[in-house]
>>> print(open('upload-v7.csv').read())   # CSV, C-alpha atoms
chain,number,residue,atom,x,y,z
A,62,MET,CA,-186.2,-75.5,-32.0
A,63,LYS,CA,-184.8,-76.4,-35.3
A,64,ILE,CA,-187.5,-78.9,-36.0
A,65,ALA,CA,-190.2,-76.3,-35.2
A,66,TRP,CA,-188.6,-73.8,-37.6
A,67,LEU,CA,-188.6,-76.5,-40.3
A,68,ALA,CA,-192.2,-77.4,-39.6
A,69,ARG,CA,-193.2,-73.8,-40.0
A,70,LEU,CA,-191.4,-73.5,-43.3
A,71,TRP,CA,-193.0,-76.7,-44.6
A,72,ALA,CA,-196.4,-75.5,-43.6
A,73,THR,CA,-195.8,-72.1,-45.3
A,74,LEU,CA,-194.7,-73.9,-48.5
A,75,ARG,CA,-197.8,-76.1,-48.4
A,76,THR,CA,-200.2,-73.2,-48.0
A,77,PRO,CA,-201.8,-72.0,-51.2
A,78,CYS,CA,-200.8,-68.5,-52.3
A,79,VAL,CA,-203.7,-66.1,-51.7
A,80,LYS,CA,-201.8,-62.8,-51.9
A,81,TYR,CA,-200.3,-63.0,-55.4
A,82,SER,CA,-202.0,-63.9,-58.7
A,83,LEU,CA,-201.1,-67.0,-60.5
A,84,LEU,CA,-199.5,-64.8,-63.2
A,85,THR,CA,-197.2,-63.1,-60.7
A,86,VAL,CA,-196.2,-66.5,-59.1
A,87,GLY,CA,-195.7,-68.0,-62.6
A,88,SER,CA,-193.6,-65.0,-63.8
A,89,GLY,CA,-191.5,-65.2,-60.6
A,90,PHE,CA,-190.8,-68.9,-61.2
A,91,PHE,CA,-190.0,-68.1,-64.9
A,92,VAL,CA,-187.5,-65.4,-64.1
A,93,ALA,CA,-186.0,-67.5,-61.3
A,94,GLY,CA,-185.7,-70.4,-63.7
A,95,ILE,CA,-183.8,-68.3,-66.3
A,96,ILE,CA,-181.5,-67.0,-63.6
A,97,PHE,CA,-180.9,-70.5,-62.2
A,98,TRP,CA,-180.4,-72.0,-65.7
A,99,GLY,CA,-178.1,-69.2,-66.8
A,100,GLY,CA,-176.1,-69.5,-63.6
A,101,PHE,CA,-175.8,-73.2,-64.0
A,102,ASN,CA,-174.6,-73.1,-67.6
A,103,THR,CA,-172.2,-70.2,-66.8
A,104,ALA,CA,-170.6,-72.3,-64.0
A,105,MET,CA,-170.5,-75.3,-66.3
A,106,GLU,CA,-168.8,-73.3,-69.1
A,107,ALA,CA,-166.3,-71.9,-66.6
A,108,THR,CA,-165.2,-75.5,-65.9
A,109,ASN,CA,-164.6,-75.9,-69.7
A,110,THR,CA,-162.0,-73.1,-70.0
A,111,LEU,CA,-158.3,-73.7,-70.5
A,112,GLU,CA,-157.6,-71.6,-67.4
A,113,PHE,CA,-159.7,-73.9,-65.3
A,114,CYS,CA,-158.1,-77.1,-66.6
A,115,THR,CA,-154.6,-75.7,-66.2
A,116,GLY,CA,-155.4,-74.2,-62.8
A,117,CYS,CA,-153.8,-77.2,-61.0
A,118,HIS,CA,-150.2,-78.0,-61.4
A,119,GLU,CA,-151.0,-81.7,-62.1
A,120,MET,CA,-152.2,-80.7,-65.6
A,121,ARG,CA,-150.3,-77.5,-66.1
A,122,ASP,CA,-146.8,-79.0,-65.6
A,123,THR,CA,-147.4,-82.2,-67.5
A,124,VAL,CA,-150.0,-82.8,-70.3
A,125,TYR,CA,-150.5,-79.0,-70.9
A,126,GLN,CA,-146.8,-78.6,-71.7
A,127,GLU,CA,-146.9,-81.5,-74.1
A,128,TYR,CA,-150.1,-80.2,-75.8
A,129,LYS,CA,-148.5,-76.8,-76.3
A,130,LYS,CA,-146.1,-78.3,-78.8
A,131,THR,CA,-148.9,-79.8,-80.9
A,132,ILE,CA,-151.0,-78.6,-83.8
A,133,HIS,CA,-154.1,-78.5,-81.7
A,134,TYR,CA,-152.5,-75.7,-79.7
A,135,SER,CA,-150.8,-73.7,-82.5
A,136,ASN,CA,-151.4,-73.9,-86.2
A,137,ARG,CA,-151.4,-71.9,-89.4
A,138,THR,CA,-155.1,-71.0,-89.2
A,139,GLY,CA,-155.1,-69.9,-85.6
A,140,VAL,CA,-158.0,-72.2,-84.6
A,141,ARG,CA,-157.1,-73.7,-81.2
A,142,ALA,CA,-158.7,-76.8,-79.6
A,143,ILE,CA,-158.5,-76.4,-75.9
A,144,CYS,CA,-158.7,-79.3,-73.3
A,145,SER,CA,-162.5,-79.4,-73.2
A,146,ASP,CA,-162.8,-79.5,-77.0
A,147,CYS,CA,-161.1,-82.9,-76.9
A,148,HIS,CA,-162.2,-84.2,-73.5
A,149,VAL,CA,-165.8,-82.9,-73.1
A,150,PRO,CA,-168.5,-83.7,-75.6
A,151,LYS,CA,-170.5,-80.7,-76.9
A,152,ASP,CA,-174.1,-81.9,-76.6
A,153,TRP,CA,-175.8,-81.5,-73.3
A,154,VAL,CA,-176.5,-85.1,-72.3
A,155,HIS,CA,-173.0,-86.4,-73.1
A,156,LYS,CA,-171.5,-83.3,-71.6
A,157,MET,CA,-173.3,-83.8,-68.3
A,158,THR,CA,-172.4,-87.5,-68.2
A,159,ARG,CA,-168.7,-86.5,-68.7
A,160,LYS,CA,-168.9,-83.8,-66.1
A,161,ILE,CA,-170.3,-86.3,-63.5
A,162,GLN,CA,-167.6,-88.8,-64.4
A,163,ALA,CA,-165.0,-86.0,-64.1
A,164,SER,CA,-166.1,-85.1,-60.6
A,165,GLY,CA,-164.1,-88.2,-59.5
A,166,GLU,CA,-161.0,-86.2,-60.5
A,167,VAL,CA,-161.8,-83.8,-57.7
A,168,TRP,CA,-161.3,-86.7,-55.3
A,169,GLY,CA,-158.1,-87.5,-57.0
A,170,LYS,CA,-156.9,-83.9,-56.5
A,171,ILE,CA,-157.8,-84.0,-52.8
A,172,THR,CA,-156.1,-87.2,-52.2
A,173,GLY,CA,-153.1,-86.2,-54.3
A,174,VAL,CA,-152.9,-89.3,-56.5
A,175,ILE,CA,-150.9,-87.5,-59.2
A,176,ASP,CA,-149.5,-84.6,-57.3
A,177,THR,CA,-145.8,-85.2,-58.2
A,178,PRO,CA,-144.3,-85.7,-61.7
A,179,GLU,CA,-143.3,-89.2,-60.6
A,180,LYS,CA,-146.8,-90.1,-59.5
A,181,PHE,CA,-148.2,-88.7,-62.7
A,182,GLU,CA,-145.8,-90.8,-64.9
A,183,ALA,CA,-146.7,-93.9,-62.9
A,184,LYS,CA,-150.4,-93.3,-63.6
A,185,ARG,CA,-150.1,-92.0,-67.1
A,186,TYR,CA,-151.0,-95.2,-68.9
A,187,GLU,CA,-154.0,-95.8,-66.6
A,188,LEU,CA,-155.3,-92.3,-67.2
A,189,ALA,CA,-154.7,-92.5,-71.0
A,190,SER,CA,-156.3,-95.9,-71.3
A,191,ARG,CA,-159.3,-94.6,-69.4
A,192,ALA,CA,-159.6,-91.8,-71.9
A,193,TRP,CA,-159.1,-94.1,-74.8
A,194,ALA,CA,-161.7,-96.6,-73.5
A,195,ARG,CA,-164.2,-93.8,-73.2
A,196,MET,CA,-163.5,-92.6,-76.7
A,197,VAL,CA,-163.8,-96.0,-78.4
A,198,THR,CA,-167.2,-96.5,-76.8
A,199,THR,CA,-168.5,-93.1,-77.9
A,200,ASP,CA,-167.1,-93.3,-81.5
A,201,SER,CA,-164.6,-90.6,-80.5
A,202,ILE,CA,-167.4,-88.1,-79.8
A,203,GLU,CA,-165.0,-85.4,-78.7
A,204,CYS,CA,-163.0,-85.6,-82.0
A,205,ARG,CA,-166.3,-85.2,-83.7
A,206,ASN,CA,-166.9,-81.9,-81.8
A,207,CYS,CA,-164.9,-80.5,-84.8
A,208,HIS,CA,-164.0,-83.2,-87.3
A,209,HIS,CA,-166.7,-84.8,-89.4
A,210,ILE,CA,-165.8,-87.5,-91.9
A,211,ASP,CA,-168.6,-86.4,-94.2
A,212,SER,CA,-167.2,-82.9,-94.3
A,213,MET,CA,-163.7,-84.0,-95.2
A,214,ALA,CA,-162.5,-83.0,-98.7
A,215,LEU,CA,-160.7,-86.2,-99.4
A,216,ASP,CA,-159.1,-84.9,-102.6
A,217,LYS,CA,-157.4,-82.3,-100.5
A,218,GLN,CA,-155.7,-85.0,-98.3
A,219,THR,CA,-152.5,-86.7,-99.2
A,220,GLU,CA,-152.8,-90.0,-100.9
A,221,LYS,CA,-151.5,-91.7,-97.8
A,222,ALA,CA,-154.2,-90.1,-95.6
A,223,GLN,CA,-156.9,-90.9,-98.2
A,224,ARG,CA,-155.8,-94.6,-98.1
A,225,ARG,CA,-155.7,-94.6,-94.3
A,226,HIS,CA,-159.2,-93.0,-94.0
A,227,ALA,CA,-160.7,-95.4,-96.5
A,228,LYS,CA,-159.1,-98.4,-94.7
A,229,GLY,CA,-160.3,-97.1,-91.3
A,230,LYS,CA,-163.9,-96.6,-92.6
A,231,ALA,CA,-163.9,-100.1,-94.2
A,232,GLU,CA,-162.7,-101.6,-90.9
A,233,GLY,CA,-165.2,-99.6,-88.8
A,234,LYS,CA,-162.5,-97.8,-86.9
A,235,THR,CA,-163.1,-94.7,-84.9
A,236,CYS,CA,-160.7,-91.7,-84.9
A,237,ILE,CA,-158.9,-92.5,-81.6
A,238,GLU,CA,-157.8,-95.9,-82.8
A,239,CYS,CA,-155.2,-94.3,-85.1
A,240,HIS,CA,-155.0,-90.7,-83.8
A,241,PHE,CA,-153.8,-91.5,-80.3
A,242,GLY,CA,-150.9,-89.8,-78.4
A,243,ILE,CA,-151.3,-86.8,-80.7
A,244,ALA,CA,-151.7,-84.1,-78.0
A,245,HIS,CA,-149.9,-85.7,-75.1
A,246,LYS,CA,-146.9,-88.1,-74.8
A,247,GLU,CA,-147.9,-91.6,-75.7
A,248,PRO,CA,-147.7,-93.8,-72.6
A,249,VAL,CA,-146.0,-97.2,-72.6
A,250,GLY,CA,-148.5,-99.8,-71.8
A,251,ALA,CA,-150.0,-103.1,-73.0
A,252,ASP,CA,-153.0,-102.0,-75.0
A,253,GLY,CA,-153.7,-99.1,-77.4
A,254,PRO,CA,-157.2,-97.9,-78.2
A,255,SER,CA,-157.9,-100.7,-80.8
A,256,GLU,CA,-156.9,-103.4,-78.3
A,257,LEU,CA,-159.1,-101.8,-75.6
A,258,LYS,CA,-162.0,-101.6,-78.1
A,259,ALA,CA,-161.7,-105.3,-78.9
A,260,LYS,CA,-161.5,-106.2,-75.2
A,261,LEU,CA,-164.6,-104.0,-74.4
A,262,ALA,CA,-166.5,-105.6,-77.2
A,263,ALA,CA,-165.6,-109.1,-75.8
A,264,GLY,CA,-166.8,-107.9,-72.4
A,265,LYS,CA,-163.4,-108.2,-70.8
B,70,MET,CA,-138.1,-88.9,-78.3
B,71,ALA,CA,-138.1,-85.2,-79.4
B,72,LEU,CA,-136.5,-86.1,-82.7
B,73,LEU,CA,-139.0,-88.8,-83.3
B,74,GLU,CA,-141.8,-86.4,-82.6
B,75,ASP,CA,-140.3,-83.7,-84.8
B,76,SER,CA,-139.8,-86.1,-87.6
B,77,LYS,CA,-143.4,-87.3,-87.3
B,78,CYS,CA,-142.3,-90.9,-86.8
B,79,PHE,CA,-145.1,-91.5,-84.3
B,80,LYS,CA,-147.7,-91.1,-87.1
B,81,CYS,CA,-146.9,-94.6,-88.1
B,82,HIS,CA,-144.9,-96.1,-85.2
B,83,SER,CA,-145.6,-96.5,-81.5
B,84,VAL,CA,-143.2,-97.6,-78.8
B,85,ASP,CA,-145.2,-100.8,-78.0
B,86,LYS,CA,-148.6,-100.6,-79.7
B,87,LYS,CA,-149.8,-101.6,-83.1
B,88,LYS,CA,-149.9,-98.9,-85.8
B,89,ASP,CA,-149.2,-99.1,-89.6
B,90,GLY,CA,-145.5,-99.3,-89.0
B,91,PRO,CA,-143.9,-101.8,-86.6
B,92,ALA,CA,-143.7,-100.8,-82.9
B,93,TYR,CA,-140.2,-99.9,-81.7
B,94,LYS,CA,-140.3,-102.9,-79.4
B,95,GLU,CA,-140.8,-105.1,-82.4
B,96,VAL,CA,-137.9,-103.4,-84.2
B,97,ALA,CA,-135.6,-103.9,-81.1
B,98,ALA,CA,-136.6,-107.5,-80.9
B,99,LYS,CA,-136.0,-108.1,-84.6
B,100,TYR,CA,-132.5,-106.6,-84.4
B,101,LYS,CA,-131.5,-108.1,-81.0
B,102,GLY,CA,-128.1,-109.5,-81.1
B,103,LYS,CA,-127.4,-108.5,-84.7
B,104,PRO,CA,-124.2,-106.6,-85.1
B,105,GLU,CA,-125.4,-104.8,-88.2
B,106,ALA,CA,-128.5,-103.4,-86.4
B,107,GLU,CA,-127.2,-99.9,-85.8
B,108,ALA,CA,-125.9,-99.4,-89.3
B,109,LYS,CA,-129.1,-100.8,-90.9
B,110,LEU,CA,-131.4,-98.7,-88.7
B,111,THR,CA,-129.3,-95.5,-89.2
B,112,LYS,CA,-129.6,-95.9,-92.9
B,113,HIS,CA,-133.4,-96.5,-92.6
B,114,VAL,CA,-134.0,-93.4,-90.6
B,115,THR,CA,-131.7,-91.1,-92.5
B,116,GLN,CA,-132.3,-92.1,-96.1
B,117,PRO,CA,-135.7,-91.9,-97.7
B,118,SER,CA,-136.9,-95.4,-98.8
B,119,LYS,CA,-140.0,-97.3,-99.7
B,120,VAL,CA,-142.0,-99.5,-97.3
B,121,LYS,CA,-145.0,-101.7,-97.9
B,122,ILE,CA,-148.2,-100.9,-95.9
B,123,ASP,CA,-151.2,-103.1,-96.6
B,124,GLY,CA,-149.6,-104.2,-99.9
B,125,VAL,CA,-149.1,-100.7,-101.1
B,126,GLU,CA,-145.7,-99.2,-101.5
B,127,GLU,CA,-145.2,-95.9,-99.6
B,128,ASP,CA,-142.5,-93.5,-99.0
B,129,HIS,CA,-140.7,-93.8,-95.7
B,130,GLY,CA,-139.5,-90.5,-94.5
B,131,ALA,CA,-136.1,-89.6,-92.9
B,132,VAL,CA,-135.2,-87.6,-89.8
B,133,LYS,CA,-135.0,-83.9,-90.4
B,134,ILE,CA,-131.5,-83.3,-88.9
B,135,ARG,CA,-127.9,-84.2,-89.8
B,136,SER,CA,-126.4,-84.4,-86.3
B,137,GLU,CA,-124.7,-87.7,-86.2
B,138,ALA,CA,-124.8,-87.7,-82.4
B,139,ARG,CA,-128.6,-87.2,-82.2
B,140,ILE,CA,-129.2,-89.8,-84.9
B,141,LYS,CA,-127.0,-92.3,-83.1
B,142,ASN,CA,-128.9,-91.5,-79.9
B,143,LEU,CA,-132.2,-92.1,-81.6
B,144,VAL,CA,-131.1,-95.4,-83.1
B,145,GLN,CA,-129.8,-96.6,-79.8
B,146,TRP,CA,-133.0,-95.6,-78.1
B,147,ILE,CA,-135.1,-97.6,-80.6
B,148,LEU,CA,-132.8,-100.6,-80.2
B,149,SER,CA,-133.0,-100.5,-76.4
B,150,ARG,CA,-136.8,-100.7,-76.2
>>> encode(input="upload-v7.csv", output="structure tokens")
Amino acid sequence: MKIAWLARLWATLRTPCVKYSLLTVGSGFFVAGIIFWGGFNTAMEATNTLEFCTGCHEMRDTVYQEYKKTIHYSNRTGVRAICSDCHVPKDWVHKMTRKIQASGEVWGKITGVIDTPEKFEAKRYELASRAWARMVTTDSIECRNCHHIDSMALDKQTEKAQRRHAKGKAEGKTCIECHFGIAHKEPVGADGPSELKAKLAAGK
Amino acid sequence: MALLEDSKCFKCHSVDKKKDGPAYKEVAAKYKGKPEAEAKLTKHVTQPSKVKIDGVEEDHGAVKIRSEARIKNLVQWILSR
């Protein structure tokens, strides 16, 4: 019964359209395409909001509370960087790649791998090192959502910062190698971003 | 930890990772078994001084409070890493 219904649908889909003009069919697809694309992007953007990211207690009770004390949450200019600004690249290809990777976190939620503060602390270094490894391989793409070295007015930075940035540039460092643990508690663990970068480069 | 964060110590120091300043684990190892450790470190975190980073002399800041109990707690925390 079900197979017959499917066969009929398939046959209908394969039959050339004789009732409507090519223009009507084309226009229909065009409008449907806009609705689909708009809906897809709206849903995608909904997963980029602060409310979405802090919708689960795993993030709300831990890293979100730490981030609320930092300059990326509250500062003199009132510009706030939310979770997705630092954890999701802006351009479409990298954003989709990140979203596909992040879908694994849904499995983590279902299986409750970090559903208590103790479990979260036990996993903190692993989670952080995963984020660091990702950032050293993308030249800190998320930092560069907002910060661009070419746009920095070096003369407005402190002498200390100028020296550090010149040194970092000369050594081919990426943002996260120095600016880690700035929005969340720095986890105790063997390797920081620089060490992870060296290991990844050596293929370890 | 909160005092270290408020005083921006983590800009140059980490608990166990390499940054421009020595990791607190290295500091603890350096002072291990030395009776003058607490006094030396207390002076270092409460009085501005100069430190050398990559051969250049830089100002080393001091914690932003005067509570002896909290400073003692901070120094002991570093030494126990």
>>> interface_residues(input="upload-v7.csv", of="chain B", to="chain A", cutoff="7 Å", atoms="only C-alpha atoms", output="ChimeraX atom specification")
/B:84-86
>>> atom_distance(input="upload-v7.csv", atom1="atom CA of Leu111 of chain A", atom2="atom CA of Ser145 of chain A")
7.6 Å
>>> residues_around(input="upload-v7.csv", residues="Leu215 of chain A", least_positions_apart="4", cutoff="10 Å", atoms="only C-alpha atoms", output="list in words")
Ile210, Asp211, Thr219, Glu220, Ala222, Gln223, Arg224, His226 and Ala227 of chain A
>>> residues_around(input="upload-v7.csv", residues="Asn206 of chain A", least_positions_apart="6", cutoff="9 Å", atoms="all atoms listed in the file", output="ChimeraX atom specification")
/A:146-147,149-152
>>> axis_aligned_box(input="upload-v7.csv", around="segment 125-135 of chain B", padding_each_side="8 Å", output="JSON")
{"center_x": -138.5, "center_y": -92.0, "center_z": -95.2, "size_x": 37.2, "size_y": 33.4, "size_z": 28.6}
>>> residues_around(input="upload-v7.csv", residues="Val120 of chain B", least_positions_apart="5", cutoff="10 Å", atoms="all atoms listed in the file", output="PyMOL selection string")
chain B and resi 90+125-130
>>> atom_distance(input="upload-v7.csv", atom1="atom CA of Ile237 of chain A", atom2="atom CA of Ala92 of chain B")
17.4 Å
>>> residues_around(input="upload-v7.csv", residues="segment 114-127 of chain A", least_positions_apart="4", cutoff="10 Å", atoms="all atoms listed in the file", output="MDAnalysis selection string")
chainID A and resid 107:110 131 134 143:145 170 173:178 180:182 185 243:246
>>> decode(input="upload-v7.csv", residues="segment 94-113 of chain B", atoms="N, CA and C atoms", output="tab-separated table (two decimals), in the first residue's frame")
chain	number	residue	atom	x	y	z
B	94	LYS	N	53.12	27.31	38.89
B	94	LYS	CA	53.74	26.03	39.26
B	94	LYS	C	55.25	26.16	39.31
B	95	GLU	N	55.80	26.93	38.36
B	95	GLU	CA	57.25	27.17	38.35
B	95	GLU	C	57.67	27.97	39.57
B	96	VAL	N	56.85	28.96	39.92
B	96	VAL	CA	57.14	29.80	41.10
B	96	VAL	C	57.15	28.93	42.35
B	97	ALA	N	56.12	28.08	42.46
B	97	ALA	CA	56.02	27.20	43.63
B	97	ALA	C	57.23	26.27	43.70
B	98	ALA	N	57.64	25.75	42.55
B	98	ALA	CA	58.79	24.84	42.52
B	98	ALA	C	60.07	25.56	42.92
B	99	LYS	N	60.20	26.80	42.44
B	99	LYS	CA	61.39	27.61	42.73
B	99	LYS	C	61.54	27.87	44.23
B	100	TYR	N	60.41	28.13	44.87
B	100	TYR	CA	60.45	28.47	46.29
B	100	TYR	C	60.25	27.29	47.24
B	101	LYS	N	60.09	26.11	46.67
B	101	LYS	CA	59.80	24.94	47.50
B	101	LYS	C	60.89	24.72	48.56
B	102	GLY	N	60.46	24.62	49.80
B	102	GLY	CA	61.40	24.35	50.89
B	102	GLY	C	62.19	25.55	51.35
B	103	LYS	N	61.92	26.71	50.76
B	103	LYS	CA	62.68	27.91	51.16
B	103	LYS	C	61.88	28.70	52.19
B	104	PRO	N	62.42	28.91	53.34
B	104	PRO	CA	61.67	29.58	54.42
B	104	PRO	C	61.30	31.02	54.11
B	105	GLU	N	62.10	31.68	53.26
B	105	GLU	CA	61.82	33.09	52.98
B	105	GLU	C	60.78	33.27	51.86
B	106	ALA	N	60.27	32.15	51.32
B	106	ALA	CA	59.36	32.20	50.18
B	106	ALA	C	58.18	33.14	50.38
B	107	GLU	N	57.47	32.95	51.49
B	107	GLU	CA	56.25	33.72	51.70
B	107	GLU	C	56.53	35.22	51.77
B	108	ALA	N	57.59	35.57	52.50
B	108	ALA	CA	57.93	36.99	52.65
B	108	ALA	C	58.34	37.59	51.31
B	109	LYS	N	59.14	36.86	50.56
B	109	LYS	CA	59.62	37.35	49.25
B	109	LYS	C	58.47	37.56	48.28
B	110	LEU	N	57.60	36.56	48.25
B	110	LEU	CA	56.47	36.62	47.31
B	110	LEU	C	55.47	37.70	47.72
B	111	THR	N	55.28	37.87	49.02
B	111	THR	CA	54.37	38.91	49.50
B	111	THR	C	54.87	40.28	49.05
B	112	LYS	N	56.17	40.48	49.17
B	112	LYS	CA	56.76	41.75	48.74
B	112	LYS	C	56.57	41.93	47.23
B	113	HIS	N	56.77	40.83	46.50
B	113	HIS	CA	56.67	40.89	45.04
B	113	HIS	C	55.27	41.24	44.55
